[in-house]
Amino acid sequence: MLKTFSDIEKKWPDIFSKKNVIIGLLLFGLLLFRKSLVSLYNEKVISTLWSKAEPAVAADIVFFLGSIWLIIYFVAACLRQRQVSVTVTACCLLLMVSYIYYRFFSADYNFTPLYIIRSVKYADIFLLFVTGYLVLKASSLFKPKKIITSPAEKFYEDIPIDDPSVDLYGRKGYAATIAKKMENNMEASAASIAIGINGPWGSGKTSFINLIRKNLDGENNIFVDFNPWQSRSPERIVEDFFKVLRAALAPYHPAVNNIIANYSDQLLKIEQNLFTKLIKEVSDIFFGSNDVATNKENISRAIASIQKPVIIVIDDLDRLDKKEVWEVLRLIRNNADFKQVIYIVAYDKNYIIEAIREINSFNHTAYLEKIFQIEFLLPIFEYKKLRQEIKKRLKERLPCFAVVLDGVVDTNYYYINFTDRIIKTQRDAIRFINGLLIEVEPVASEIDFEDFYLLQLLKTKYPVVYDALFRYRDIFLKISERELPVSKTYVLRHFSSKYLDLGNDYDPGQNQVLKEMLGIDIGVMRQKEIDLPSQFILKIFLSENSALGLSGDEQDVIIFLVSYILREKYTEGQNPLAMRFVNNFDKYFVFSKPGPEANPA
């Protein structure tokens with residue numbers, strides 16, 4: 001029986017909501033006391049108000065104008081595709097049936113007719129009103145759905161997987177091993193266990209937890225999902241946690257709801273006014289009061305009596321701020337470490353340790369070890385598999401570039417694979433693919449795909465550098481001195497301690513731009529080191545601009561990537577669509593250029 005109700009609640013999660021329960025009770029009351037309510041309505045409304053209504057020409061005019069306004073309103077609402085809730089629809093349907101019954105089939109009431117058209121009643125405007133809402137609901141149900149004719153019309157979604165058969169990165173075996181070890185520790189007398197799943201953002205922690213759950217027996221375990229990032233404040237996390245726990249355990253134990261509520265109240269130390277505080281003190285004198293430790297032990301006994309381990313999943317702990325992280329860790333370590341409870345918590349360890357350090361700097365690196373008895377480092381993505389996924393998805397959407405895609409994604413330059421160095425997680429891959437698909441569409445026939453692909457990699461990981469390259473091209477780039485038959489081409493501009501390689505197109509105001517906008521002061525650079533070796537101005541921008549926070553390795557990857565895009569390709573016949581050609585440069589930044597209506601300010 002409990003399983004049946006649980007399945008119903010999962011399929012229709014709102015069926016037992018507070019609003020639906022109240023509506024159900026009201027309908028039950030209306031049916032139960034309908035005679036008394038009708039009598040009261042007749043006495044207070046009909047005899048004192050509606051029975052005195054008299055037809056008149058002015059009233060008819062108001063009726064017609066009101067009817068026309070309602071028709072216009074609902075037609076406009078249909079055109080705007082306004083949504084109507086199920087509750088409003090049910091109420092309108094009930095009122096319509098009731099009105100039709102009393103209007104056409106019952107002799108209980110005589111409705112006042114119009115002065116001009118006697119067959120129409122003034123109250124019929126009410127029928128028009130509820131009919132309008134029902135038509136509006138029907139129009140939303142039967143409106144034709146948008147047919148997606150091409151896969152390119154929708155984005156790829158970063159959705160966690162829950163099916164081992166679609167595990168592209170070979171983690172299901174690792175998840176099965178963890179699930180097996182968990183089952184071996186699920187004895188009724190076991191103390192609370194906390195398992196940490198450590199991995200950076202976008203590394204697939206949620207998918208990995210789902211794979212673990214698939215390997216656990218759903219019939220013999222109680223799963224509780226707690227999302228602390230939905231709480232409005234750190235103070236509400238404890239309250240929200242115990243609300244979720246009460247709701248999950250209530251179907252299995254008749255008294256656990258009250259036990260957890262009492263324990264939660266004691267932990268929260270809710271401020272009470274003098275009256276309620278006095279009542280509580282009197283109640284404690286006569287009936288006694290359990291202390292926190294006793295209530296906590298009672299909860300452990302209640303959970304043990306259910307004879308089902310409780311598995312509490314807390315995902316995205318690294319989404320919280322520092323105080324919220326601390327509150328959740330306190331729950332796991334002290335306040336909710338009940339027997340036969342297993343926590344599975346996903347986080348980025350570096351962020352959590354930093355959060356602990358800000359709250360309690362003493363031995364903060366070891367603090368996490370006291371909370372999580374077991375920690376699993378999420379298996380890293382194999383770069384080769386990430387590249388395969390990128391190739392597969394781009395070939396689906398961009399068949400025109402299918403021939404060159406393999407070589408483009410696998411591009412290496414001085415033993416650097418640009419895709420591997422920038423795309424680290426599946427989330428990175430999805431974001432990159434979606435961005436590239438949007439931007440390539442308007443210029444697909446006008447660009448060299450390899451150049452465009454590499455530039456999009458730069459934009460995905462280093463958008464500030466991408467924007468600076470477009471806005472300050474005259475500072476970072478110069479026109480090559482080589483004479484080419486096709487067009488003028490760009491190369492990276494150099495700077496050294498002896499000269500500033502700005503060429504004939506040098507504008508004295510550019511030094512001010514270098515200083516104020518890019519964080520580069522040429523004067524200071526010359527003073528810092530007399531024998532400063534010649535280097536790209538872009539490299540100076542990357543290294544001297546501390547706001548970018550780039551490591552030396554990241555700076556080198558960026559320089560190599562831009563250099564590769566601007567290289568002279570010694571192939572038979574220069575590709576006239578390459579980004580290095582001055583006339584093509586803007587095409588590669590199609591969404592960075594201001595439109596005709598852009599505000600110059």
# chains A, B, ... in the order shown; residues from 1 in each chain; ligands from 1
call {"tool": "residues_around", "arguments": {"residues": "Thr365 (chain A)", "least_positions_apart": "4", "cutoff": "9 Å", "atoms": "only C-alpha atoms", "output": "PyMOL selection string"}}
result
chain A and resi 353-354+356-357+361+369
call {"tool": "write_last_selection", "arguments": {"atoms": "C-alpha atoms", "output": "mmCIF file, in the first residue's frame"}}
result
data_model
loop_
_atom_site.group_PDB
_atom_site.id
_atom_site.type_symbol
_atom_site.label_atom_id
_atom_site.label_comp_id
_atom_site.auth_asym_id
_atom_site.auth_seq_id
_atom_site.Cartn_x
_atom_site.Cartn_y
_atom_site.Cartn_z
ATOM 1 C CA ILE A 353 38.356 23.446 1.941
ATOM 2 C CA GLU A 354 38.556 27.172 1.195
ATOM 3 C CA ILE A 356 36.152 25.809 5.868
ATOM 4 C CA ARG A 357 39.338 27.882 6.084
ATOM 5 C CA SER A 361 41.372 28.305 9.783
ATOM 6 C CA GLU A 369 38.407 14.021 6.661
#
call {"tool": "residues_around", "arguments": {"residues": "Pro55 (chain A)", "least_positions_apart": "6", "cutoff": "7 Å", "atoms": "only C-alpha atoms", "output": "number ranges by chain"}}
result
A: 112-115
call {"tool": "write_last_selection", "arguments": {"atoms": "C-alpha atoms", "output": "PDB file, in the first residue's frame"}}
result
ATOM      1  CA  THR A 112     -34.247  38.576 -14.860  1.00  0.00           C
ATOM      2  CA  PRO A 113     -34.558  38.912 -18.684  1.00  0.00           C
ATOM      3  CA  LEU A 114     -33.226  41.774 -20.793  1.00  0.00           C
ATOM      4  CA  TYR A 115     -35.616  44.629 -21.563  1.00  0.00           C
TER       5      TYR A 115
END
call {"tool": "residues_around", "arguments": {"residues": "region 392-395 of chain A", "least_positions_apart": "5", "cutoff": "8 Å", "atoms": "only C-alpha atoms", "output": "list in words"}}
result
Phe401, Ala402, Leu405 and Ile433 of chain A
call {"tool": "closest_residue", "arguments": {"among": "A:Phe476, A:Ile61, A:Leu79, A:Val310", "to": "Gln340 (chain A)", "atoms": "only C-alpha atoms"}}
result
A:Val310
call {"tool": "select_by_dssp", "arguments": {"residues": "region 321-492 of chain A", "states": "strand (DSSP E)", "output": "NGL selection string"}}
result
:A and (341-347 or 374-377 or 412-413 or 416-417 or 477-479 or 490-492)
call {"tool": "closest_residue", "arguments": {"among": "A:Pro576, A:Pro463, A:Gly202, A:Gly173", "to": "Ala346 (chain A)", "atoms": "only C-alpha atoms"}}
result
A:Gly202
call {"tool": "atom_distance", "arguments": {"atom1": "CA of Tyr347 (chain A)", "atom2": "CA of Lys205 (chain A)"}}
result
7.9 Å
